[in-house]
Amino acid sequence: MADIEKTEAVNEQTSSNFIHNIIDKDLENQTYGNRVYTRFPPEPNGYLHIGHAKSICLNFTTAQKYNGKCNLRFDDTNPVKEDTEYVESIEADVKWLGFQWEKLLFASSYFDKMYECAVMLIKKNSAYVCDLSAEEIKRHRGTLTEPGKESPYRNRSVEENLELFENMRKGLYKDGEKVLRAKIDMASPNINMRDPIIYRIAHIEHHNTGDKWSIYPMYDYAHPIEDAIEGITHSICTLEFEDHRPLYDWVLRELEWDEPPQQIEFARLNLTNTVMSKRYLKALVDDGSVEGWDDPRMPTIAGLRRRGYTPEAIRDFCERIGVSKANSLVDIALLEHCIREDLKSRAETRMVVMNPLKVVITNYPENSTEEVDIENSKEDEAKGTRKVQFSRELYVERDDFMEIPEKKYFRLFPGNEVRFKGAYFITCQDVVKDEAGNVIELRCTYDPETRSGSGFDGRKVKGTIHWVDAKTAVKIKIRSYGYLMIEDENGETVLNPDSMKVFEAYAEPSLKDADAGERYQFFRHGYYIADEHLTNETEKVFNQIVGLKSSWKK
RNA sequence: UGGGGUAUCGCCAAGCGGUAAGGCAAUGGACUCUGACUCCAUCAUUCGAAGGUUCGAAUCCUUCUACCCUAGCCA
């Protein structure tokens, strides 16, 4: 109970940002009545990544906060880059994150309306058909410091423009032959206002509208119309569109829209050790550097999901990073904190020895075995206990032994006594080495009086370590994922060649039939999750969650 | 070099004229059947810099500096 109250209080505190301040003012001024309507408008040209998650959370939770609505809209105005595979994955990812859209829409279904609007602009003498080539248009645009030059086609008559534009629609011209341009100001210091192109010709099949259209609207023209049609009040996008806002407003003003939506920009997410560029991620997929868009090393929602991230953890992360207009680079440690935070209370714990060292309990009877009870969760008693075999020969983590202990090392070393989790106090008596001098086995003794649960309190030990029973242990494969990207010696971010390692580990038998979706936290080594893509493998493969918080002080 | 933005602790980030929230990270300590978790403590006399206004400024004014975006028939 107290926990719940605490959680709510935290959410209360962190759930305000500058966008909310803007909305509060709009509500106060009744700019849009009491309406708050947002939208998440991805272009279906790739998979969603953690950066999109920030935008998704922002849009959906903002709507929730004000009892408003939020649409999922595919901004599919450029058929050359888009694909239905992407719309499916995007839908799945948004749902998985736990959000429900008011409507699922496609910008392409507004093409008729957008065409009508373009005709209206032409009739108002605010748009014209231009025959300049791409190269010529570029030259006429001017530079950052020099004004542009007007197109020779700028002063065509309304009638001629109407006819030409109609012909463009009919597919009478080749790609690039003509464009429709907004007639604004070639001398504007804002290059976006120098008669921007609003329609281009493209004889290409669209994933949604097929071959109905041979002209497609440009983002700057289409987006405000999409927002306006849907009754969006606050159109939230990223910082690089700030310079486009005058054009966004121009389109809606020219089209004489009542209660036009307003564009608000925020800084996109950057994460340390993470590449967020869709283009780059696509290249990794295409050249086979990763298994696919859902490779667990990818920062995609699908990759994070496969890696073991929960939607709760991702949403918590998005809440914690906040929203502002300052370019920032968020430490990935925060994301890792969020998954640990979420998993620590819901994941069950299991003992797994990743790098085994054999231990023989010399005073434990041969051919004898016993069962000990170990709790499944440290945090949640309701998760119960399980029986684990304990016998004469066991494996412990090599790290848990040090022949010559450093200060403050209180695990196994010759002569030291430690607790074996859930079992007995064990004292290391002897070290067995091979010819090369490598430690290959520890000879230990146990104290029968110290069994867990016996109530023994004769003495205490400083260390507790995990173990697996040699006879009953199962071998599992651990796939350990490091950061996909690392910095090289020059400070350049490059692909990490060691981003994925596969190795065998010994696990207690309860992991043998672990099913997809079951979450496990392995003792001391961090948090792991069953790989949902490998449900029927004989050997279960586990993905290592990022954010291993090794407590070892070396 | 034009235009548009942003500058508050190592990383995010509140603050909106009344005397610097919070989280992550870090550090010390307590606790512990793992050193995890939890807990407790420490962590910006100072808000990019310099001036100015004011009883009072991170918040207002001036000047300067740094960084980001911007010259696709991409979004």
# chains A, B, ... in the order shown; residues from 1 in each chain; ligands from 1

$ interface_residues --of "chain A" --to "chain B" --cutoff "8 Å" --atoms "only C-alpha atoms (C1' of nucleotides)" --output "VMD selection string"
chain A and resid 14 43 78 134 138 141 to 146 176 179 189 to 191 197 199 to 201 219 239 to 240 242 to 243 320 to 322 325 to 331 333 to 334 337 344 419 to 422 452 463 to 466 523 to 524 551 to 552

$ select_by_dssp --residues "stretch 93-332 of chain A" --states "helix (DSSP H, G or I)" --output "MDAnalysis selection string"
chainID A and resid 93:96 107:123 134:140 158:170 191:193 219:230 239:254 278:286 301:307 311:321 332

$ atom_distance --atom1 "atom CA of A:Tyr528" --atom2 "atom CA of A:Leu284"
24.9 Å

$ select_by_dssp --residues "stretch 110-227 of chain A" --states "strand (DSSP E)" --output "VMD selection string"
chain A and resid 127 to 130 179 to 182 197 to 201 215 to 217

$ atom_distance --atom1 "atom CA of A:Glu341" --atom2 "atom CA of A:Ala313"
7.7 Å

$ residues_around --residues "stretch 38-50 of chain B" --least-positions-apart "2" --cutoff "10 Å" --atoms "only C-alpha atoms (C1' of nucleotides)" --output "list in words"
A7, U8, C9, A20, A26, U27, G28, G29, A30, C31, U32, A36, A58, U59, U63, C64, U65 and A66 of chain B

$ atom_distance --atom1 "atom CA of A:Tyr424" --atom2 "atom CA of A:Tyr446"
6.4 Å

$ closest_residue --among "A:Pro79, A:Pro405, A:Pro448, A:Gly482" --to "A:Gly210" --atoms "only C-alpha atoms"
A:Pro79

$ closest_atom_pairs --of "stretch 359-383 of chain A" --to "stretch 347-352 of chain A" --cutoff "9 Å" --atoms "only C-alpha atoms" --output "Markdown table"
| residue | atom | partner | partner_atom | distance |
| --- | --- | --- | --- | --- |
| A:Glu375 | CA | A:Thr349 | CA | 8.1 |
| A:Asn376 | CA | A:Glu348 | CA | 5.2 |
| A:Ser377 | CA | A:Glu348 | CA | 5.0 |
| A:Lys378 | CA | A:Thr349 | CA | 7.8 |
| A:Asp380 | CA | A:Glu348 | CA | 8.8 |
| A:Lys383 | CA | A:Glu348 | CA | 7.7 |

$ write_last_selection --atoms "C-alpha atoms" --output "compact mmCIF listing (two decimals), in the first residue's frame"
# COMPACT_ATOMS: atom_id res chain seq x y z
CA GLU A 375 13.01 -18.84 -2.42
CA ASN A 376 12.07 -17.91 -5.97
CA SER A 377 12.04 -14.24 -5.27
CA LYS A 378 13.72 -12.17 -2.67
CA ASP A 380 7.94 -11.43 -3.39
CA LYS A 383 6.47 -16.56 -5.62

$ closest_atom_pairs --of "stretch 469-526 of chain A" --to "stretch 360-369 of chain A" --cutoff "10 Å" --atoms "only C-alpha atoms" --output "JSON lines"
{"residue": "A:Asp469", "atom": "CA", "partner": "A:Thr369", "partner_atom": "CA", "distance": 9.6}
{"residue": "A:Ala470", "atom": "CA", "partner": "A:Val360", "partner_atom": "CA", "distance": 9.7}
{"residue": "A:Lys471", "atom": "CA", "partner": "A:Thr369", "partner_atom": "CA", "distance": 9.9}

$ write_last_selection --atoms "N, CA and C atoms" --output "tab-separated table (two decimals), in the first residue's frame"
chain	number	residue	atom	x	y	z
A	469	ASP	N	24.57	-27.93	-8.43
A	469	ASP	CA	24.93	-29.31	-8.14
A	469	ASP	C	25.50	-29.94	-9.41
A	470	ALA	N	26.70	-30.49	-9.32
A	470	ALA	CA	27.39	-31.00	-10.52
A	470	ALA	C	26.60	-32.08	-11.23
A	471	LYS	N	25.98	-32.95	-10.47
A	471	LYS	CA	25.30	-34.09	-11.10
A	471	LYS	C	24.00	-33.67	-11.81

$ residues_around --residues "A:Leu58" --least-positions-apart "4" --cutoff "10 Å" --atoms "only C-alpha atoms (C1' of nucleotides)" --output "VMD selection string"
chain A and resid 15 17 19 38 to 40 52 to 54 62 to 64 236 315 318 to 319 322 to 323

$ closest_residue --among "A:Tyr173, A:Tyr216, A:Tyr37, A:Tyr128" --to "A:Ser109" --atoms "only C-alpha atoms"
A:Tyr216

$ residues_around --residues "stretch 73-75 of chain A" --least-positions-apart "5" --cutoff "6 Å" --atoms "only C-alpha atoms (C1' of nucleotides)" --output "ChimeraX atom specification"
/A:41-43,104-107

$ write_last_selection --atoms "all heavy atoms" --output "PDB file, in the first residue's frame"
ATOM      1  N   PRO A  41       3.007  10.325 -35.452  1.00  0.00           N
ATOM      2  CA  PRO A  41       2.943  10.203 -36.908  1.00  0.00           C
ATOM      3  C   PRO A  41       4.207   9.650 -37.575  1.00  0.00           C
ATOM      4  O   PRO A  41       4.888  10.357 -38.295  1.00  0.00           O
ATOM      5  CB  PRO A  41       2.748  11.651 -37.338  1.00  0.00           C
ATOM      6  CG  PRO A  41       3.597  12.411 -36.337  1.00  0.00           C
ATOM      7  CD  PRO A  41       3.685  11.570 -35.068  1.00  0.00           C
ATOM      8  N   PRO A  42       4.557   8.385 -37.349  1.00  0.00           N
ATOM      9  CA  PRO A  42       5.775   7.860 -37.956  1.00  0.00           C
ATOM     10  C   PRO A  42       5.626   7.639 -39.455  1.00  0.00           C
ATOM     11  O   PRO A  42       4.528   7.350 -39.938  1.00  0.00           O
ATOM     12  CB  PRO A  42       5.951   6.516 -37.256  1.00  0.00           C
ATOM     13  CG  PRO A  42       4.554   6.081 -36.971  1.00  0.00           C
ATOM     14  CD  PRO A  42       3.826   7.349 -36.610  1.00  0.00           C
ATOM     15  N   GLU A  43       6.717   7.756 -40.163  1.00  0.00           N
ATOM     16  CA  GLU A  43       6.723   7.324 -41.558  1.00  0.00           C
ATOM     17  C   GLU A  43       7.064   5.835 -41.531  1.00  0.00           C
ATOM     18  O   GLU A  43       8.023   5.439 -40.869  1.00  0.00           O
ATOM     19  CB  GLU A  43       7.786   8.078 -42.370  1.00  0.00           C
ATOM     20  CG  GLU A  43       7.729   7.661 -43.830  1.00  0.00           C
ATOM     21  CD  GLU A  43       8.862   8.224 -44.692  1.00  0.00           C
ATOM     22  OE1 GLU A  43       9.881   8.647 -44.135  1.00  0.00           O
ATOM     23  OE2 GLU A  43       8.691   8.209 -45.922  1.00  0.00           O
ATOM     24  N   LEU A 104      -6.518   4.823 -35.944  1.00  0.00           N
ATOM     25  CA  LEU A 104      -5.333   4.456 -36.713  1.00  0.00           C
ATOM     26  C   LEU A 104      -5.571   4.964 -38.129  1.00  0.00           C
ATOM     27  O   LEU A 104      -6.546   4.591 -38.772  1.00  0.00           O
ATOM     28  CB  LEU A 104      -5.150   2.940 -36.709  1.00  0.00           C
ATOM     29  CG  LEU A 104      -3.826   2.433 -37.291  1.00  0.00           C
ATOM     30  CD1 LEU A 104      -3.506   1.070 -36.715  1.00  0.00           C
ATOM     31  CD2 LEU A 104      -3.862   2.371 -38.811  1.00  0.00           C
ATOM     32  N   LEU A 105      -4.682   5.840 -38.592  1.00  0.00           N
ATOM     33  CA  LEU A 105      -4.929   6.516 -39.863  1.00  0.00           C
ATOM     34  C   LEU A 105      -3.712   6.533 -40.767  1.00  0.00           C
ATOM     35  O   LEU A 105      -2.587   6.312 -40.314  1.00  0.00           O
ATOM     36  CB  LEU A 105      -5.347   7.963 -39.564  1.00  0.00           C
ATOM     37  CG  LEU A 105      -6.556   8.112 -38.632  1.00  0.00           C
ATOM     38  CD1 LEU A 105      -6.518   9.462 -37.938  1.00  0.00           C
ATOM     39  CD2 LEU A 105      -7.849   7.933 -39.401  1.00  0.00           C
ATOM     40  N   PHE A 106      -3.978   6.792 -42.022  1.00  0.00           N
ATOM     41  CA  PHE A 106      -2.903   6.935 -43.001  1.00  0.00           C
ATOM     42  C   PHE A 106      -3.003   8.311 -43.653  1.00  0.00           C
ATOM     43  O   PHE A 106      -4.087   8.703 -44.100  1.00  0.00           O
ATOM     44  CB  PHE A 106      -3.019   5.862 -44.091  1.00  0.00           C
ATOM     45  CG  PHE A 106      -2.713   4.486 -43.590  1.00  0.00           C
ATOM     46  CD1 PHE A 106      -3.717   3.714 -43.010  1.00  0.00           C
ATOM     47  CD2 PHE A 106      -1.433   3.968 -43.673  1.00  0.00           C
ATOM     48  CE1 PHE A 106      -3.431   2.447 -42.524  1.00  0.00           C
ATOM     49  CE2 PHE A 106      -1.144   2.697 -43.194  1.00  0.00           C
ATOM     50  CZ  PHE A 106      -2.151   1.934 -42.615  1.00  0.00           C
ATOM     51  N   ALA A 107      -1.914   8.997 -43.707  1.00  0.00           N
ATOM     52  CA  ALA A 107      -1.900  10.297 -44.375  1.00  0.00           C
ATOM     53  C   ALA A 107      -2.377  10.126 -45.813  1.00  0.00           C
ATOM     54  O   ALA A 107      -3.039  10.997 -46.375  1.00  0.00           O
ATOM     55  CB  ALA A 107      -0.487  10.881 -44.342  1.00  0.00           C
TER      56      ALA A 107
END

$ residues_around --residues "B:U53" --least-positions-apart "3" --cutoff "12 Å" --atoms "only C-alpha atoms (C1' of nucleotides)" --output "NGL selection string"
:B and (17 or 56-57 or 60-62)

$ write_last_selection --atoms "all heavy atoms" --output "tab-separated table (two decimals), in the first residue's frame"
chain	number	residue	atom	x	y	z
B	17	G	P	7.80	35.20	-12.56
B	17	G	OP1	6.60	35.97	-12.22
B	17	G	OP2	8.38	35.24	-13.92
B	17	G	O5'	8.88	35.70	-11.48
B	17	G	C5'	10.26	35.72	-11.72
B	17	G	C4'	10.94	36.32	-10.54
B	17	G	O4'	11.39	37.65	-10.86
B	17	G	C3'	10.11	36.47	-9.29
B	17	G	O3'	10.43	35.38	-8.44
B	17	G	C2'	10.58	37.78	-8.66
B	17	G	O2'	11.24	37.57	-7.43
B	17	G	C1'	11.61	38.31	-9.65
B	17	G	N9	11.69	39.74	-9.88
B	17	G	C8	10.78	40.58	-10.41
B	17	G	N7	11.19	41.81	-10.49
B	17	G	C5	12.48	41.78	-9.96
B	17	G	C6	13.44	42.82	-9.76
B	17	G	O6	13.34	44.00	-10.03
B	17	G	N1	14.60	42.34	-9.17
B	17	G	C2	14.82	41.02	-8.83
B	17	G	N2	16.00	40.76	-8.27
B	17	G	N3	13.95	40.05	-9.01
B	17	G	C4	12.81	40.50	-9.57
B	56	G	P	19.12	45.43	-4.51
B	56	G	OP1	20.59	45.38	-4.54
B	56	G	OP2	18.37	46.20	-5.54
B	56	G	O5'	18.57	43.94	-4.48
B	56	G	C5'	19.15	42.98	-3.59
B	56	G	C4'	18.34	41.72	-3.59
B	56	G	O4'	16.97	42.04	-3.21
B	56	G	C3'	18.19	41.04	-4.94
B	56	G	O3'	19.31	40.22	-5.19
B	56	G	C2'	16.93	40.21	-4.74
B	56	G	O2'	17.17	39.03	-4.01
B	56	G	C1'	16.08	41.17	-3.89
B	56	G	N9	15.17	41.97	-4.68
B	56	G	C8	15.27	43.30	-4.99
B	56	G	N7	14.28	43.73	-5.71
B	56	G	C5	13.47	42.62	-5.91
B	56	G	C6	12.26	42.47	-6.61
B	56	G	O6	11.62	43.33	-7.23
B	56	G	N1	11.79	41.16	-6.55
B	56	G	C2	12.41	40.13	-5.90
B	56	G	N2	11.81	38.96	-5.96
B	56	G	N3	13.53	40.26	-5.23
B	56	G	C4	14.01	41.52	-5.27
B	57	A	P	19.76	40.00	-6.72
B	57	A	OP1	20.91	39.07	-6.67
B	57	A	OP2	19.94	41.34	-7.34
B	57	A	O5'	18.52	39.28	-7.43
B	57	A	C5'	18.09	37.97	-7.07
B	57	A	C4'	17.98	37.13	-8.31
B	57	A	O4'	17.11	37.79	-9.24
B	57	A	C3'	19.33	36.95	-8.97
B	57	A	O3'	19.50	35.59	-9.32
B	57	A	C2'	19.32	37.87	-10.19
B	57	A	O2'	19.84	37.20	-11.30
B	57	A	C1'	17.82	38.07	-10.44
B	57	A	N9	17.42	39.40	-10.94
B	57	A	C8	18.07	40.60	-10.93
B	57	A	N7	17.42	41.59	-11.48
B	57	A	C5	16.23	40.99	-11.89
B	57	A	C6	15.09	41.48	-12.54
B	57	A	N6	14.95	42.75	-12.90
B	57	A	N1	14.10	40.61	-12.80
B	57	A	C2	14.23	39.35	-12.43
B	57	A	N3	15.25	38.76	-11.80
B	57	A	C4	16.22	39.65	-11.57
B	60	C	P	13.81	36.21	-18.00
B	60	C	OP1	12.71	35.83	-18.90
B	60	C	OP2	15.21	36.00	-18.40
B	60	C	O5'	13.66	37.73	-17.58
B	60	C	C5'	12.41	38.41	-17.70
B	60	C	C4'	12.65	39.89	-17.67
B	60	C	O4'	13.11	40.26	-16.33
B	60	C	C3'	13.77	40.37	-18.58
B	60	C	O3'	13.31	40.57	-19.91
B	60	C	C2'	14.18	41.66	-17.91
B	60	C	O2'	13.30	42.72	-18.21
B	60	C	C1'	14.07	41.30	-16.44
B	60	C	N1	15.33	40.81	-15.85
B	60	C	C2	16.39	41.72	-15.69
B	60	C	O2	16.22	42.90	-16.05
B	60	C	N3	17.55	41.30	-15.14
B	60	C	C4	17.69	40.03	-14.77
B	60	C	N4	18.86	39.66	-14.24
B	60	C	C5	16.63	39.08	-14.92
B	60	C	C6	15.49	39.51	-15.46
B	61	C	P	14.35	40.42	-21.12
B	61	C	OP1	13.57	40.44	-22.38
B	61	C	OP2	15.28	39.28	-20.84
B	61	C	O5'	15.20	41.75	-21.00
B	61	C	C5'	14.59	43.02	-21.25
B	61	C	C4'	15.65	44.09	-21.16
B	61	C	O4'	16.17	44.14	-19.81
B	61	C	C3'	16.88	43.83	-22.02
B	61	C	O3'	16.67	44.24	-23.35
B	61	C	C2'	17.94	44.65	-21.31
B	61	C	O2'	17.85	46.02	-21.62
B	61	C	C1'	17.56	44.44	-19.84
B	61	C	N1	18.29	43.32	-19.21
B	61	C	C2	19.63	43.53	-18.83
B	61	C	O2	20.15	44.62	-19.06
B	61	C	N3	20.31	42.53	-18.24
B	61	C	C4	19.71	41.35	-18.02
B	61	C	N4	20.41	40.39	-17.42
B	61	C	C5	18.35	41.12	-18.40
B	61	C	C6	17.69	42.11	-18.98
B	62	U	P	17.49	43.53	-24.53
B	62	U	OP1	16.98	44.08	-25.81
B	62	U	OP2	17.48	42.06	-24.30
B	62	U	O5'	18.96	44.06	-24.30
B	62	U	C5'	19.27	45.44	-24.50
B	62	U	C4'	20.74	45.66	-24.24
B	62	U	O4'	21.02	45.41	-22.84
B	62	U	C3'	21.68	44.72	-24.98
B	62	U	O3'	21.90	45.16	-26.30
B	62	U	C2'	22.93	44.81	-24.13
B	62	U	O2'	23.68	45.98	-24.37
B	62	U	C1'	22.34	44.88	-22.71
B	62	U	N1	22.27	43.57	-22.05
B	62	U	C2	23.44	43.07	-21.48
B	62	U	O2	24.50	43.67	-21.52
B	62	U	N3	23.32	41.84	-20.87
B	62	U	C4	22.17	41.09	-20.78
B	62	U	O4	22.21	40.00	-20.19
B	62	U	C5	21.01	41.66	-21.40
B	62	U	C6	21.10	42.85	-22.00
